[in-house]
file run.pdb (PDB, C-alpha atoms, pLDDT in the B column)
ATOM      1  CA  MET A   1      21.919  -3.936 -21.720  1.00 62.00           C
ATOM      2  CA  ASP A   2      18.980  -1.561 -21.191  1.00 86.00           C
ATOM      3  CA  ILE A   3      18.817   1.592 -19.072  1.00 90.00           C
ATOM      4  CA  LEU A   4      17.615  -0.093 -15.866  1.00 93.00           C
ATOM      5  CA  GLN A   5      20.289  -2.772 -16.100  1.00 93.00           C
ATOM      6  CA  GLN A   6      22.923  -0.085 -16.613  1.00 92.00           C
ATOM      7  CA  LEU A   7      21.595   1.815 -13.612  1.00 93.00           C
ATOM      8  CA  LEU A   8      21.788  -1.297 -11.429  1.00 95.00           C
ATOM      9  CA  LYS A   9      25.337  -1.967 -12.595  1.00 93.00           C
ATOM     10  CA  HIS A  10      26.253   1.613 -11.693  1.00 92.00           C
ATOM     11  CA  LEU A  11      24.664   1.329  -8.221  1.00 95.00           C
ATOM     12  CA  ILE A  12      26.324  -1.957  -7.247  1.00 95.00           C
ATOM     13  CA  GLN A  13      29.684  -0.421  -8.154  1.00 93.00           C
ATOM     14  CA  GLN A  14      29.273   2.006  -5.242  1.00 91.00           C
ATOM     15  CA  PRO A  15      31.752   1.055  -2.499  1.00 90.00           C
ATOM     16  CA  GLN A  16      28.968   0.556   0.044  1.00 89.00           C
ATOM     17  CA  GLU A  17      25.435   1.496   0.979  1.00 91.00           C
ATOM     18  CA  CYS A  18      25.165   5.181   1.756  1.00 92.00           C
ATOM     19  CA  GLN A  19      22.700   7.899   2.693  1.00 92.00           C
ATOM     20  CA  TRP A  20      20.964   7.737  -0.704  1.00 94.00           C
ATOM     21  CA  LEU A  21      21.304   4.044  -1.524  1.00 95.00           C
ATOM     22  CA  GLU A  22      20.035   0.900   0.190  1.00 96.00           C
ATOM     23  CA  PHE A  23      20.121  -2.729  -0.959  1.00 96.00           C
ATOM     24  CA  LYS A  24      17.850  -5.518   0.253  1.00 96.00           C
ATOM     25  CA  HIS A  25      17.507  -9.154  -0.715  1.00 95.00           C
ATOM     26  CA  ASN A  26      13.793  -9.593  -0.030  1.00 94.00           C
ATOM     27  CA  TYR A  27      10.713  -7.865   1.365  1.00 93.00           C
ATOM     28  CA  HIS A  28      10.244  -7.587   5.154  1.00 90.00           C
ATOM     29  CA  SER A  29       7.288  -5.276   5.776  1.00 92.00           C
ATOM     30  CA  ASP A  30       5.261  -2.469   4.240  1.00 94.00           C
ATOM     31  CA  ASN A  31       6.140  -0.132   7.091  1.00 94.00           C
ATOM     32  CA  GLU A  32       9.842  -0.746   6.573  1.00 95.00           C
ATOM     33  CA  ILE A  33       9.540   0.328   2.930  1.00 96.00           C
ATOM     34  CA  GLY A  34       7.671   3.495   3.916  1.00 96.00           C
ATOM     35  CA  GLU A  35      10.286   4.381   6.495  1.00 97.00           C
ATOM     36  CA  ARG A  36      13.074   3.799   3.964  1.00 97.00           C
ATOM     37  CA  ILE A  37      11.378   6.027   1.371  1.00 98.00           C
ATOM     38  CA  SER A  38      11.149   8.844   3.931  1.00 98.00           C
ATOM     39  CA  ALA A  39      14.747   8.382   5.063  1.00 97.00           C
ATOM     40  CA  LEU A  40      16.236   8.116   1.583  1.00 97.00           C
ATOM     41  CA  SER A  41      14.339  11.130   0.223  1.00 97.00           C
ATOM     42  CA  ASN A  42      15.401  13.295   3.154  1.00 97.00           C
ATOM     43  CA  SER A  43      19.009  12.115   2.982  1.00 96.00           C
ATOM     44  CA  ALA A  44      19.226  12.662  -0.786  1.00 95.00           C
ATOM     45  CA  CYS A  45      18.187  16.270  -0.154  1.00 94.00           C
ATOM     46  CA  ILE A  46      20.926  16.807   2.425  1.00 94.00           C
ATOM     47  CA  HIS A  47      23.576  15.204   0.212  1.00 92.00           C
ATOM     48  CA  HIS A  48      22.522  17.082  -2.946  1.00 89.00           C
ATOM     49  CA  GLN A  49      21.457  13.957  -4.832  1.00 92.00           C
ATOM     50  CA  PRO A  50      18.440  14.340  -7.155  1.00 92.00           C
ATOM     51  CA  PHE A  51      17.331  10.775  -6.413  1.00 94.00           C
ATOM     52  CA  ALA A  52      17.818   7.986  -3.892  1.00 96.00           C
ATOM     53  CA  TYR A  53      17.415   4.264  -4.577  1.00 97.00           C
ATOM     54  CA  LEU A  54      15.991   1.315  -2.662  1.00 97.00           C
ATOM     55  CA  VAL A  55      16.911  -1.877  -4.505  1.00 97.00           C
ATOM     56  CA  PHE A  56      15.530  -5.358  -3.812  1.00 98.00           C
ATOM     57  CA  GLY A  57      17.445  -8.377  -5.066  1.00 97.00           C
ATOM     58  CA  VAL A  58      20.959  -7.307  -4.033  1.00 97.00           C
ATOM     59  CA  GLU A  59      22.879  -8.419  -0.944  1.00 95.00           C
ATOM     60  CA  ASP A  60      23.749  -5.330   1.087  1.00 91.00           C
ATOM     61  CA  LYS A  61      27.214  -6.371   2.263  1.00 90.00           C
ATOM     62  CA  THR A  62      28.658  -7.883  -0.903  1.00 94.00           C
ATOM     63  CA  HIS A  63      26.458  -6.201  -3.549  1.00 95.00           C
ATOM     64  CA  ASN A  64      26.001  -9.623  -5.118  1.00 96.00           C
ATOM     65  CA  ILE A  65      22.900  -9.775  -7.323  1.00 96.00           C
ATOM     66  CA  LEU A  66      20.729 -12.532  -5.853  1.00 96.00           C
ATOM     67  CA  GLY A  67      17.332 -11.675  -7.271  1.00 97.00           C
ATOM     68  CA  THR A  68      14.154 -11.236  -5.228  1.00 97.00           C
ATOM     69  CA  THR A  69      10.692 -12.756  -4.986  1.00 96.00           C
ATOM     70  CA  PHE A  70       9.277  -9.314  -4.129  1.00 96.00           C
ATOM     71  CA  LYS A  71       7.070  -7.794  -6.842  1.00 96.00           C
ATOM     72  CA  PRO A  72       5.962  -4.401  -5.491  1.00 96.00           C
ATOM     73  CA  LYS A  73       4.110  -3.252  -8.614  1.00 94.00           C
ATOM     74  CA  SER A  74       1.528  -6.017  -8.189  1.00 93.00           C
ATOM     75  CA  ALA A  75       1.749  -6.374  -4.393  1.00 94.00           C
ATOM     76  CA  THR A  76      -1.097  -5.431  -2.082  1.00 93.00           C
ATOM     77  CA  ALA A  77      -0.637  -3.902   1.348  1.00 93.00           C
ATOM     78  CA  LYS A  78      -0.864  -6.031   4.468  1.00 84.00           C
ATOM     79  CA  GLY A  79      -3.817  -5.457   6.775  1.00 59.00           C
ATOM     80  CA  GLU A  80      -3.532  -4.747  10.490  1.00 57.00           C
ATOM     81  CA  LYS A  81      -3.322  -8.488  11.239  1.00 58.00           C
ATOM     82  CA  GLY A  82      -0.771  -9.144   8.513  1.00 57.00           C
ATOM     83  CA  LYS A  83      -3.344 -10.320   5.992  1.00 65.00           C
ATOM     84  CA  GLU A  84      -3.414  -9.189   2.390  1.00 66.00           C
ATOM     85  CA  SER A  85      -5.708  -6.239   1.732  1.00 75.00           C
ATOM     86  CA  LYS A  86      -7.225  -5.109  -1.554  1.00 82.00           C
ATOM     87  CA  GLU A  87      -5.218  -1.872  -1.590  1.00 91.00           C
ATOM     88  CA  GLU A  88      -2.216  -1.742  -3.886  1.00 94.00           C
ATOM     89  CA  LEU A  89       1.058  -1.372  -2.003  1.00 95.00           C
ATOM     90  CA  GLU A  90       2.145   1.654  -4.060  1.00 96.00           C
ATOM     91  CA  ASN A  91      -1.060   3.552  -3.253  1.00 95.00           C
ATOM     92  CA  TRP A  92      -0.868   2.495   0.404  1.00 95.00           C
ATOM     93  CA  LEU A  93       2.615   3.977   0.641  1.00 96.00           C
ATOM     94  CA  ILE A  94       1.698   7.221  -1.140  1.00 96.00           C
ATOM     95  CA  GLN A  95      -1.271   7.789   1.170  1.00 95.00           C
ATOM     96  CA  ARG A  96       1.031   7.650   4.199  1.00 96.00           C
ATOM     97  CA  LEU A  97       3.748   9.948   2.854  1.00 97.00           C
ATOM     98  CA  ASN A  98       3.716  13.682   3.509  1.00 96.00           C
ATOM     99  CA  PRO A  99       4.475  15.345   1.176  1.00 94.00           C
ATOM    100  CA  ARG A 100       3.401  12.722  -1.350  1.00 94.00           C
ATOM    101  CA  ILE A 101       6.594  12.534  -3.358  1.00 95.00           C
ATOM    102  CA  ASP A 102       6.458  10.984  -6.803  1.00 93.00           C
ATOM    103  CA  PHE A 103       8.598   7.874  -6.323  1.00 96.00           C
ATOM    104  CA  GLU A 104       8.772   5.290  -9.105  1.00 96.00           C
ATOM    105  CA  ILE A 105       8.809   1.496  -8.916  1.00 97.00           C
ATOM    106  CA  GLU A 106      10.661  -0.461 -11.580  1.00 97.00           C
ATOM    107  CA  GLU A 107      10.843  -4.236 -12.000  1.00 97.00           C
ATOM    108  CA  PHE A 108      13.194  -5.924 -14.452  1.00 97.00           C
ATOM    109  CA  GLU A 109      15.431  -8.902 -15.013  1.00 96.00           C
ATOM    110  CA  TYR A 110      19.201  -8.830 -14.660  1.00 95.00           C
ATOM    111  CA  GLU A 111      21.020 -11.933 -15.873  1.00 93.00           C
ATOM    112  CA  GLY A 112      17.883 -13.986 -15.245  1.00 95.00           C
ATOM    113  CA  LYS A 113      17.296 -12.593 -11.748  1.00 96.00           C
ATOM    114  CA  HIS A 114      14.316 -10.457 -10.767  1.00 97.00           C
ATOM    115  CA  ILE A 115      15.093  -6.955  -9.444  1.00 97.00           C
ATOM    116  CA  ALA A 116      12.711  -4.416  -7.882  1.00 97.00           C
ATOM    117  CA  LEU A 117      13.928  -0.825  -7.694  1.00 98.00           C
ATOM    118  CA  PHE A 118      12.377   2.206  -6.011  1.00 97.00           C
ATOM    119  CA  LYS A 119      13.565   5.501  -7.501  1.00 97.00           C
ATOM    120  CA  ILE A 120      12.921   8.164  -4.864  1.00 97.00           C
ATOM    121  CA  PRO A 121      13.205  11.908  -5.551  1.00 95.00           C
ATOM    122  CA  ALA A 122      14.965  14.105  -3.015  1.00 95.00           C
ATOM    123  CA  THR A 123      12.556  16.229  -1.031  1.00 94.00           C
ATOM    124  CA  VAL A 124      12.749  19.953  -1.808  1.00 87.00           C
ATOM    125  CA  ASN A 125      10.348  21.803   0.457  1.00 80.00           C
ATOM    126  CA  GLN A 126      10.184  19.948   3.774  1.00 92.00           C
ATOM    127  CA  PRO A 127      11.166  16.640   5.383  1.00 96.00           C
ATOM    128  CA  VAL A 128       9.206  13.673   4.065  1.00 97.00           C
ATOM    129  CA  GLU A 129       7.215  11.910   6.756  1.00 97.00           C
ATOM    130  CA  PHE A 130       5.849   8.390   6.752  1.00 97.00           C
ATOM    131  CA  SER A 131       2.847   7.859   9.033  1.00 95.00           C
ATOM    132  CA  ASN A 132       3.527  11.246  10.670  1.00 96.00           C
ATOM    133  CA  THR A 133       7.195  10.523  11.394  1.00 97.00           C
ATOM    134  CA  ALA A 134      10.178  11.711   9.372  1.00 98.00           C
ATOM    135  CA  TYR A 135      13.199   9.439   8.987  1.00 98.00           C
ATOM    136  CA  ILE A 136      16.825   9.958   7.957  1.00 97.00           C
ATOM    137  CA  ARG A 137      19.759   7.786   6.923  1.00 95.00           C
ATOM    138  CA  VAL A 138      22.759   7.865   9.244  1.00 93.00           C
ATOM    139  CA  GLY A 139      25.422   5.886   7.434  1.00 84.00           C
ATOM    140  CA  SER A 140      23.582   2.702   6.470  1.00 83.00           C
ATOM    141  CA  TYR A 141      21.070   2.973   9.334  1.00 90.00           C
ATOM    142  CA  THR A 142      17.554   4.423   9.305  1.00 94.00           C
ATOM    143  CA  ARG A 143      16.776   6.695  12.264  1.00 96.00           C
ATOM    144  CA  LYS A 144      14.059   9.141  13.263  1.00 97.00           C
ATOM    145  CA  LEU A 145      14.821  12.629  12.003  1.00 97.00           C
ATOM    146  CA  ASN A 146      13.785  14.299  15.278  1.00 96.00           C
ATOM    147  CA  GLU A 147      16.866  12.716  16.873  1.00 96.00           C
ATOM    148  CA  PHE A 148      19.040  14.814  14.536  1.00 96.00           C
ATOM    149  CA  PRO A 149      17.754  18.435  14.571  1.00 94.00           C
ATOM    150  CA  GLU A 150      20.776  19.693  12.624  1.00 94.00           C
ATOM    151  CA  LYS A 151      19.923  17.394   9.722  1.00 94.00           C
ATOM    152  CA  ALA A 152      16.326  18.619   9.803  1.00 94.00           C
ATOM    153  CA  ARG A 153      17.560  22.225   9.624  1.00 92.00           C
ATOM    154  CA  LYS A 154      19.639  21.370   6.565  1.00 92.00           C
ATOM    155  CA  ILE A 155      16.536  20.101   4.767  1.00 92.00           C
ATOM    156  CA  TRP A 156      14.576  23.289   5.514  1.00 89.00           C
ATOM    157  CA  LYS A 157      17.603  25.420   4.636  1.00 83.00           C
ATOM    158  CA  ASN A 158      18.042  23.588   1.348  1.00 74.00           C
ATOM    159  CA  ASN A 159      14.713  24.982   0.160  1.00 57.00           C
ATOM    160  CA  ILE A 160      16.133  28.512   0.486  1.00 47.00           C
ATOM    161  CA  GLN A 161      19.439  27.662  -1.171  1.00 49.00           C
ATOM    162  CA  ASN A 162      17.776  25.666  -3.963  1.00 53.00           C
ATOM    163  CA  PRO A 163      14.972  27.894  -5.343  1.00 52.00           C
ATOM    164  CA  PHE A 164      12.536  26.639  -7.974  1.00 48.00           C
ATOM    165  CA  GLU A 165      14.334  28.137 -10.982  1.00 50.00           C
ATOM    166  CA  ARG A 166      17.593  26.357 -10.045  1.00 55.00           C
ATOM    167  CA  ARG A 167      16.112  22.872  -9.694  1.00 54.00           C
ATOM    168  CA  ILE A 168      16.236  20.063 -12.250  1.00 59.00           C
ATOM    169  CA  ALA A 169      13.223  20.432 -14.534  1.00 57.00           C
ATOM    170  CA  LEU A 170      13.449  16.947 -16.040  1.00 57.00           C
ATOM    171  CA  SER A 171      15.936  14.110 -15.753  1.00 59.00           C
ATOM    172  CA  ASN A 172      16.640  10.764 -17.444  1.00 58.00           C
ATOM    173  CA  CYS A 173      16.362  12.331 -20.907  1.00 64.00           C
ATOM    174  CA  THR A 174      18.042  11.321 -24.115  1.00 71.00           C
ATOM    175  CA  SER A 175      19.692  13.992 -26.240  1.00 73.00           C
ATOM    176  CA  ASP A 176      16.721  13.786 -28.661  1.00 75.00           C
ATOM    177  CA  GLN A 177      14.307  14.580 -25.844  1.00 70.00           C
ATOM    178  CA  VAL A 178      16.406  17.503 -24.593  1.00 73.00           C
ATOM    179  CA  ILE A 179      16.506  19.027 -28.074  1.00 72.00           C
ATOM    180  CA  SER A 180      12.760  18.567 -28.539  1.00 71.00           C
ATOM    181  CA  LEU A 181      11.980  20.223 -25.207  1.00 69.00           C
ATOM    182  CA  LEU A 182      14.329  23.165 -25.659  1.00 72.00           C
ATOM    183  CA  ASP A 183      13.539  25.715 -28.376  1.00 73.00           C
ATOM    184  CA  SER A 184      17.174  25.575 -29.396  1.00 78.00           C
ATOM    185  CA  GLN A 185      16.718  27.104 -32.859  1.00 80.00           C
ATOM    186  CA  ILE A 186      15.211  30.310 -31.403  1.00 81.00           C
ATOM    187  CA  TYR A 187      17.895  30.392 -28.724  1.00 76.00           C
ATOM    188  CA  PHE A 188      20.739  30.465 -31.260  1.00 82.00           C
ATOM    189  CA  GLU A 189      18.927  33.024 -33.406  1.00 83.00           C
ATOM    190  CA  ARG A 190      18.462  35.406 -30.485  1.00 80.00           C
ATOM    191  CA  MET A 191      22.071  34.931 -29.413  1.00 81.00           C
ATOM    192  CA  SER A 192      23.180  35.649 -33.001  1.00 85.00           C
ATOM    193  CA  LEU A 193      25.080  32.381 -33.103  1.00 86.00           C
ATOM    194  CA  PRO A 194      25.321  29.857 -35.947  1.00 90.00           C
ATOM    195  CA  TYR A 195      23.285  26.722 -35.304  1.00 88.00           C
ATOM    196  CA  PRO A 196      25.615  23.744 -34.604  1.00 88.00           C
ATOM    197  CA  SER A 197      25.618  20.790 -36.951  1.00 86.00           C
ATOM    198  CA  THR A 198      25.163  18.033 -34.338  1.00 86.00           C
ATOM    199  CA  GLN A 199      22.976  17.487 -31.285  1.00 82.00           C
ATOM    200  CA  LYS A 200      26.010  17.127 -29.051  1.00 83.00           C
ATOM    201  CA  SER A 201      27.348  20.470 -30.278  1.00 85.00           C
ATOM    202  CA  VAL A 202      23.968  22.114 -29.599  1.00 84.00           C
ATOM    203  CA  LEU A 203      23.956  20.881 -26.002  1.00 81.00           C
ATOM    204  CA  ASP A 204      27.613  21.694 -25.446  1.00 83.00           C
ATOM    205  CA  LYS A 205      27.147  25.247 -26.741  1.00 79.00           C
ATOM    206  CA  ILE A 206      24.075  25.906 -24.592  1.00 75.00           C
ATOM    207  CA  CYS A 207      25.765  24.535 -21.495  1.00 76.00           C
ATOM    208  CA  ALA A 208      28.953  26.525 -22.066  1.00 75.00           C
ATOM    209  CA  LYS A 209      27.137  29.785 -22.867  1.00 61.00           C
ATOM    210  CA  ASN A 210      24.929  29.630 -19.784  1.00 57.00           C
ATOM    211  CA  ASN A 211      27.460  28.186 -17.338  1.00 55.00           C
ATOM    212  CA  HIS A 212      25.507  24.926 -17.167  1.00 51.00           C
ATOM    213  CA  LYS A 213      26.850  21.457 -16.760  1.00 47.00           C
ATOM    214  CA  LEU A 214      25.668  18.385 -18.636  1.00 47.00           C
ATOM    215  CA  ASP A 215      26.145  15.379 -16.402  1.00 44.00           C
ATOM    216  CA  THR A 216      26.193  12.086 -18.255  1.00 39.00           C
ATOM    217  CA  LEU A 217      26.294   8.786 -16.377  1.00 33.00           C
ATOM    218  CA  PHE A 218      26.133   6.617 -19.456  1.00 35.00           C
ATOM    219  CA  ASP A 219      26.933   6.850 -23.171  1.00 34.00           C
ATOM    220  CA  ASP A 220      24.668   8.562 -25.711  1.00 34.00           C
ATOM    221  CA  PHE A 221      23.279  10.873 -23.013  1.00 36.00           C
ATOM    222  CA  LEU A 222      21.327   8.157 -21.258  1.00 38.00           C
ATOM    223  CA  PHE A 223      20.444   9.505 -17.834  1.00 38.00           C
ATOM    224  CA  SER A 224      21.662  12.965 -18.860  1.00 37.00           C
ATOM    225  CA  LYS A 225      20.682  15.890 -16.697  1.00 36.00           C
ATOM    226  CA  LEU A 226      20.892  19.569 -17.467  1.00 34.00           C
ATOM    227  CA  PHE A 227      21.271  21.542 -14.269  1.00 34.00           C
ATOM    228  CA  TYR A 228      22.588  24.834 -12.940  1.00 31.00           C
ATOM    229  CA  MET A 229      25.934  24.931 -11.229  1.00 31.00           C
TER     230      MET A 229
END
call {"tool": "encode", "arguments": {"input": "run.pdb", "output": "structure tokens"}}
result
Amino acid sequence: MDILQQLLKHLIQQPQECQWLEFKHNYHSDNEIGERISALSNSACIHHQPFAYLVFGVEDKTHNILGTTFKPKSATAKGEKGKESKEELENWLIQRLNPRIDFEIEEFEYEGKHIALFKIPATVNQPVEFSNTAYIRVGSYTRKLNEFPEKARKIWKNNIQNPFERRIALSNCTSDQVISLLDSQIYFERMSLPYPSTQKSVLDKICAKNNHKLDTLFDDFLFSKLFYM
């Protein structure tokens, strides 16, 4: 089972859809996707989640994996009269988001069924708008953010409480990648500490010494994140 399949398995084990997670069986409209990206990004910020997920191919009530005919990576946006345009859907969405957050689209097979997954980063500086309107998740519903001024204030306030140097620099790294990105040898030399014999010991020592937490969703540090408490 690869990383994306493990992620899907983790998501469908959630008790229900929530502010940072939405399931859909099939595509309905381009605008609906844009509104969901705005809502999920804003809600992930409020609920201190680094990412939100919009998953096609899963029934929302039962979390049964049904598969989907929707292929967003190759899809083109619909024109004003509902006709296919030449513009790629992903670019069409990005052009209408403000700020233009760096969401990712993944397509893969799970037990022979096609899945499309949008991985959406939480906003950090301001509410994300789609076509000049910001949205928010209220339970499993998508609503306009201007109807909930207190939620909007939390997003703006989060930027003050979550300064740049306390944000996640990089996520979804293996232990090998973390070691290669951190100059761990120099760190232990300057701290006058013996260099540990294993990668896990290196990460554990750095986390413990600096009051960090290493959050691992899956074995072997798949989807590991190094972040400040």
call {"tool": "atom_distance", "arguments": {"input": "run.pdb", "atom1": "CA of Ile33 (chain A)", "atom2": "CA of Gln49 (chain A)"}}
result
19.7 Å
call {"tool": "closest_residue", "arguments": {"input": "run.pdb", "among": "A:Ser43, A:Ser38, A:Asn26, A:Thr123", "to": "Phe56 (chain A)", "atoms": "all atoms listed in the file"}}
result
A:Asn26
call {"tool": "residues_around", "arguments": {"input": "run.pdb", "residues": "Lys113 (chain A)", "least_positions_apart": "4", "cutoff": "8 Å", "atoms": "all atoms listed in the file", "output": "PyMOL selection string"}}
result
chain A and resi 57+65-68+109
call {"tool": "axis_aligned_box", "arguments": {"input": "run.pdb", "around": "region 95-103 of chain A", "padding_each_side": "8 Å", "output": "AutoDock Vina command-line options"}}
result
--center_x 3.7 --center_y 11.5 --center_z -1.3 --size_x 25.9 --size_y 23.7 --size_z 27.0
call {"tool": "closest_residue", "arguments": {"input": "run.pdb", "among": "A:Trp92, A:Trp20, A:Tyr27, A:Phe118", "to": "Phe130 (chain A)", "atoms": "only C-alpha atoms"}}
result
A:Trp92
call {"tool": "residues_around", "arguments": {"input": "run.pdb", "residues": "Leu97 (chain A)", "least_positions_apart": "5", "cutoff": "8 Å", "atoms": "only C-alpha atoms", "output": "PyMOL selection string"}}
result
chain A and resi 34+38+128-132
call {"tool": "atom_distance", "arguments": {"input": "run.pdb", "atom1": "CA of Arg36 (chain A)", "atom2": "CA of Val58 (chain A)"}}
result
15.8 Å
call {"tool": "closest_residue", "arguments": {"input": "run.pdb", "among": "A:Ser184, A:Ser41, A:Thr142, A:Ser175", "to": "Lys119 (chain A)", "atoms": "all atoms listed in the file"}}
result
A:Ser41
call {"tool": "residues_around", "arguments": {"input": "run.pdb", "residues": "region 191-200 of chain A", "least_positions_apart": "3", "cutoff": "8 Å", "atoms": "only C-alpha atoms", "output": "PDB file with C-alpha atoms, in the coordinates of the input"}}
result
ATOM      1  CA  SER A 175      19.692  13.992 -26.240  1.00 73.00           C
ATOM      2  CA  ASP A 176      16.721  13.786 -28.661  1.00 75.00           C
ATOM      3  CA  ILE A 179      16.506  19.027 -28.074  1.00 72.00           C
ATOM      4  CA  GLN A 185      16.718  27.104 -32.859  1.00 80.00           C
ATOM      5  CA  TYR A 187      17.895  30.392 -28.724  1.00 76.00           C
ATOM      6  CA  PHE A 188      20.739  30.465 -31.260  1.00 82.00           C
ATOM      7  CA  LEU A 203      23.956  20.881 -26.002  1.00 81.00           C
ATOM      8  CA  ASP A 204      27.613  21.694 -25.446  1.00 83.00           C
TER       9      ASP A 204
END
call {"tool": "atom_distance", "arguments": {"input": "run.pdb", "atom1": "CA of Gln13 (chain A)", "atom2": "CA of Glu59 (chain A)"}}
result
12.7 Å
call {"tool": "residues_around", "arguments": {"input": "run.pdb", "residues": "Lys61 (chain A)", "least_positions_apart": "4", "cutoff": "9 Å", "atoms": "all atoms listed in the file", "output": "list in words"}}
result
Gln16, Glu17 and Phe23 of chain A
call {"tool": "residues_around", "arguments": {"input": "run.pdb", "residues": "Lys154 (chain A)", "least_positions_apart": "6", "cutoff": "12 Å", "atoms": "all atoms listed in the file", "output": "PyMOL selection string"}}
result
chain A and resi 42-48+123-127+136+145+148+160-162
call {"tool": "closest_residue", "arguments": {"input": "run.pdb", "among": "A:Phe108, A:Val138, A:Asn91, A:Ser29", "to": "Ile3 (chain A)", "atoms": "all atoms listed in the file"}}
result
A:Phe108
call {"tool": "closest_residue", "arguments": {"input": "run.pdb", "among": "A:Thr76, A:Ala122, A:Leu54, A:Gln5", "to": "Arg100 (chain A)", "atoms": "only C-alpha atoms"}}
result
A:Ala122
call {"tool": "closest_residue", "arguments": {"input": "run.pdb", "among": "A:Glu90, A:Ala39, A:Asn98, A:His63", "to": "Gly139 (chain A)", "atoms": "only C-alpha atoms"}}
result
A:Ala39
call {"tool": "resolve_selection", "arguments": {"input": "run.pdb", "expression": "the PyMOL selection byres ((chain A and resi 9) around 12)", "output": "PyMOL selection string"}}
result
chain A and resi 1-8+10-14+55+58+63-65+110-111+115+217-218
call {"tool": "decode", "arguments": {"input": "run.pdb", "residues": "region 179-192 of chain A", "atoms": "N, CA, C and O atoms", "output": "compact mmCIF listing (two decimals), in the first residue's frame"}}
result
# COMPACT_ATOMS: atom_id res chain seq x y z
N ILE A 179 16.82 14.22 7.54
CA ILE A 179 18.25 14.22 7.85
C ILE A 179 19.05 14.98 6.80
O ILE A 179 19.98 15.73 7.11
N SER A 180 18.67 14.81 5.53
CA SER A 180 19.42 15.49 4.46
C SER A 180 19.19 17.00 4.48
O SER A 180 20.08 17.76 4.09
N LEU A 181 18.03 17.43 4.96
CA LEU A 181 17.73 18.86 4.97
C LEU A 181 18.28 19.56 6.21
O LEU A 181 18.56 20.76 6.17
N LEU A 182 18.39 18.82 7.29
CA LEU A 182 18.95 19.39 8.52
C LEU A 182 20.45 19.12 8.57
O LEU A 182 20.89 18.01 8.30
N ASP A 183 21.23 20.12 8.94
CA ASP A 183 22.68 19.92 9.09
C ASP A 183 22.91 19.34 10.48
O ASP A 183 23.45 19.98 11.38
N SER A 184 22.49 18.08 10.63
CA SER A 184 22.46 17.47 11.95
C SER A 184 23.85 17.26 12.55
O SER A 184 24.04 17.36 13.76
N GLN A 185 24.84 16.96 11.69
CA GLN A 185 26.19 16.73 12.19
C GLN A 185 26.74 17.98 12.88
O GLN A 185 27.28 17.92 13.99
N ILE A 186 26.57 19.15 12.25
CA ILE A 186 27.02 20.42 12.82
C ILE A 186 26.26 20.72 14.11
O ILE A 186 26.82 21.20 15.10
N TYR A 187 24.96 20.42 14.09
CA TYR A 187 24.14 20.68 15.28
C TYR A 187 24.69 19.95 16.50
O TYR A 187 24.87 20.55 17.56
N PHE A 188 25.00 18.66 16.35
CA PHE A 188 25.49 17.89 17.50
C PHE A 188 26.89 18.34 17.91
O PHE A 188 27.22 18.33 19.10
N GLU A 189 27.70 18.75 16.93
CA GLU A 189 29.03 19.25 17.27
C GLU A 189 28.94 20.52 18.11
O GLU A 189 29.65 20.68 19.11
N ARG A 190 28.09 21.44 17.71
CA ARG A 190 27.96 22.71 18.41
C ARG A 190 27.30 22.54 19.78
O ARG A 190 27.53 23.34 20.68
N MET A 191 26.49 21.51 19.92
CA MET A 191 25.87 21.23 21.21
C MET A 191 26.75 20.36 22.09
O MET A 191 26.38 20.02 23.21
N SER A 192 27.93 19.99 21.56
CA SER A 192 28.87 19.12 22.28
C SER A 192 28.21 17.82 22.71
O SER A 192 28.38 17.34 23.84
